[in-house]
Number of protein chains: 2
Amino acid sequence: MKKKEKFRSPIAEAMHETVRGMHRVGLVDKQTMREFDVRCLTSVEDLTAADIVAMREEAGVSQAVFARALNVTTDYVSKIERGAKRPSGSTLKLLSLMRRKGFEAIL
Amino acid sequence: MKKKEKFRSPIAEAMHETVRGMHRVGLVDKQTMREFDVRCLTSVEDLTAADIVAMREEAGVSQAVFARALNVTTDYVSKIERGAKRPSGSTLKLLSLMRRKGFEAIL
DNA sequence: AGAACTATAGGACATAGACCCATAAATATC
DNA sequence: GATATTTATGGGTCTATGTCCTATAGTTCT
């Protein structure tokens, strides 16, 4: 079994363990714990056009491949990288996910 | 002087070499080989409203938590589940990702 | 009974994101 | 060297995604 890194910071992990401990002694139910995790881990960072270019270039793929991975069109990626359009909602989430976990994590 | 790279990443190189080998043996044609790098990334399943409800219920979360994980609004999730709206693009990708890898994979 | 959370359902509306075309640079193939 | 092909930019138009708003109603708490 492989070690899976669920949290980025030790602080976040410590918080998770704290609440998990509360769950063990019955202070919080499973639903609350899951919601806690979601609230903690779903923060999406604002990404600039330059950030996205950097992410794509680090992945070493073309705009076409990058677009396919996001399930958007190629020229939309182009517009995003030029700052002509701003990604939002689920697109931003997907990009944020990719930044944290790597390009392969969203394939 | 920078070493001239034929491919942008080890991953891309590995993928390309694999398909190129298939081309040599005649398993794929030239056209397919040319666009393999892009085509191999396009696997987004169509999800019905019922599928999405089932996914959320299996994850055991409310529409609010589900929406937050996708970085969309709560009543958009409600509309999707009722079939009033259809997810597309990156939203569909994110849902597809979640279906294949589990709810925790997109946190 | 009163909060608080849950989900449905309506309408109004802005813009994300698709689709269209042309241009031009690198790179691949002959 | 000539010719395709890939790559990316940049213009425009336009649909419907997705947000925001309000109201209604069923649960599950205290």
# chains A, B, ... in the order shown; residues from 1 in each chain; ligands from 1

$ interface_residues --of "chain A" --to "chain C" --cutoff "12 Å" --atoms "only C-alpha atoms (C1' of nucleotides)" --output "list in words"
Ala67, Asn71, Val72, Thr73, Thr74, Asp75, Tyr76, Val77, Ser78, Lys79, Ile80, Ala84, Lys85, Arg86, Pro87, Ser88, Gly89, Ser90, Thr91 and Leu92 of chain A

$ write_last_selection --atoms "N, CA, C and O atoms" --output "CSV table (one decimal), in the first residue's frame"
chain,number,residue,atom,x,y,z
A,67,ALA,N,-6.1,21.6,-23.2
A,67,ALA,CA,-7.5,21.9,-23.3
A,67,ALA,C,-8.3,20.6,-23.2
A,67,ALA,O,-9.3,20.5,-22.6
A,71,ASN,N,-11.2,19.4,-20.8
A,71,ASN,CA,-12.4,19.2,-21.6
A,71,ASN,C,-13.0,20.6,-22.0
A,71,ASN,O,-14.2,20.9,-21.9
A,72,VAL,N,-12.1,21.5,-22.5
A,72,VAL,CA,-12.5,22.7,-23.0
A,72,VAL,C,-11.8,22.8,-24.4
A,72,VAL,O,-11.1,22.0,-24.8
A,73,THR,N,-12.1,23.9,-25.1
A,73,THR,CA,-11.6,24.1,-26.5
A,73,THR,C,-10.2,24.7,-26.4
A,73,THR,O,-9.8,25.3,-25.4
A,74,THR,N,-9.4,24.5,-27.5
A,74,THR,CA,-8.1,24.9,-27.5
A,74,THR,C,-8.0,26.5,-27.5
A,74,THR,O,-7.1,27.0,-26.8
A,75,ASP,N,-8.8,27.1,-28.3
A,75,ASP,CA,-8.7,28.6,-28.3
A,75,ASP,C,-9.2,29.2,-27.0
A,75,ASP,O,-9.0,30.4,-26.8
A,76,TYR,N,-10.0,28.5,-26.2
A,76,TYR,CA,-10.3,29.0,-24.9
A,76,TYR,C,-9.1,29.0,-24.0
A,76,TYR,O,-8.9,30.0,-23.3
A,77,VAL,N,-8.3,28.0,-24.1
A,77,VAL,CA,-7.1,28.0,-23.3
A,77,VAL,C,-6.2,29.1,-23.8
A,77,VAL,O,-5.5,29.8,-22.9
A,78,SER,N,-6.1,29.3,-25.1
A,78,SER,CA,-5.3,30.4,-25.6
A,78,SER,C,-5.8,31.8,-25.0
A,78,SER,O,-5.0,32.6,-24.6
A,79,LYS,N,-7.1,32.0,-25.0
A,79,LYS,CA,-7.6,33.2,-24.5
A,79,LYS,C,-7.4,33.4,-23.0
A,79,LYS,O,-7.1,34.5,-22.5
A,80,ILE,N,-7.4,32.3,-22.3
A,80,ILE,CA,-7.1,32.3,-20.8
A,80,ILE,C,-5.7,32.7,-20.6
A,80,ILE,O,-5.4,33.6,-19.7
A,84,ALA,N,-7.5,37.2,-22.0
A,84,ALA,CA,-8.7,37.6,-22.7
A,84,ALA,C,-10.0,37.1,-22.0
A,84,ALA,O,-11.0,37.7,-22.1
A,85,LYS,N,-9.8,35.9,-21.4
A,85,LYS,CA,-10.9,35.4,-20.6
A,85,LYS,C,-10.5,34.9,-19.3
A,85,LYS,O,-9.3,34.6,-19.1
A,86,ARG,N,-11.4,34.8,-18.3
A,86,ARG,CA,-11.0,34.4,-17.0
A,86,ARG,C,-11.7,33.1,-16.6
A,86,ARG,O,-13.0,33.1,-16.6
A,87,PRO,N,-11.0,32.1,-16.3
A,87,PRO,CA,-11.6,30.8,-15.8
A,87,PRO,C,-12.4,31.0,-14.5
A,87,PRO,O,-11.9,31.8,-13.7
A,88,SER,N,-13.5,30.3,-14.4
A,88,SER,CA,-14.2,30.4,-13.1
A,88,SER,C,-14.9,29.1,-12.8
A,88,SER,O,-15.0,28.2,-13.7
A,89,GLY,N,-15.4,29.0,-11.6
A,89,GLY,CA,-16.2,27.8,-11.2
A,89,GLY,C,-15.4,26.6,-11.3
A,89,GLY,O,-14.4,26.4,-10.8
A,90,SER,N,-16.0,25.6,-12.1
A,90,SER,CA,-15.4,24.3,-12.1
A,90,SER,C,-14.1,24.3,-12.9
A,90,SER,O,-13.2,23.5,-12.6
A,91,THR,N,-13.9,25.2,-13.8
A,91,THR,CA,-12.7,25.3,-14.5
A,91,THR,C,-11.5,25.7,-13.6
A,91,THR,O,-10.4,25.1,-13.6
A,92,LEU,N,-11.8,26.7,-12.8
A,92,LEU,CA,-10.9,27.1,-11.8
A,92,LEU,C,-10.5,26.0,-10.8
A,92,LEU,O,-9.4,25.8,-10.4

$ interface_residues --of "chain D" --to "chain B" --cutoff "10 Å" --atoms "only C-alpha atoms (C1' of nucleotides)" --output "VMD selection string"
chain D and resid 5 16 to 20

$ interface_residues --of "chain A" --to "chain B" --cutoff "7 Å" --atoms "only C-alpha atoms" --output "PDB file with C-alpha atoms, in the first residue's frame"
ATOM      1  CA  GLU A  35     -18.121  18.458   5.634  1.00  0.00           C
ATOM      2  CA  VAL A  38     -14.589  19.694   2.327  1.00  0.00           C
ATOM      3  CA  LEU A  41      -9.673  21.333   1.356  1.00  0.00           C
ATOM      4  CA  THR A  42     -11.751  22.882  -1.374  1.00  0.00           C
ATOM      5  CA  GLY A  60       5.142  19.927 -21.008  1.00  0.00           C
ATOM      6  CA  VAL A  61       2.035  19.835 -23.160  1.00  0.00           C
ATOM      7  CA  ALA A  64      -4.460  21.389 -27.446  1.00  0.00           C
ATOM      8  CA  VAL A  65      -3.544  18.636 -25.009  1.00  0.00           C
ATOM      9  CA  ARG A  68      -8.431  18.211 -23.791  1.00  0.00           C
ATOM     10  CA  ALA A  69      -7.441  17.457 -20.235  1.00  0.00           C
ATOM     11  CA  LEU A  70      -9.773  20.202 -19.033  1.00  0.00           C
ATOM     12  CA  ASN A  71     -12.430  19.245 -21.574  1.00  0.00           C
ATOM     13  CA  VAL A  72     -12.511  22.732 -23.047  1.00  0.00           C
ATOM     14  CA  GLY A  89     -16.227  27.843 -11.244  1.00  0.00           C
ATOM     15  CA  SER A  90     -15.410  24.280 -12.130  1.00  0.00           C
ATOM     16  CA  THR A  91     -12.659  25.296 -14.541  1.00  0.00           C
ATOM     17  CA  LYS A  93     -11.391  24.137  -9.496  1.00  0.00           C
ATOM     18  CA  LEU A  94      -9.902  21.801 -12.056  1.00  0.00           C
ATOM     19  CA  LEU A  97      -6.635  20.623  -8.450  1.00  0.00           C
ATOM     20  CA  ILE A 106      -6.814  15.054 -13.585  1.00  0.00           C
ATOM     21  CA  LEU A 107      -6.461  12.622 -16.468  1.00  0.00           C
TER      22      LEU A 107
END

$ atom_distance --atom1 "atom CA of A:Glu81" --atom2 "atom CA of A:Ala54"
9.5 Å
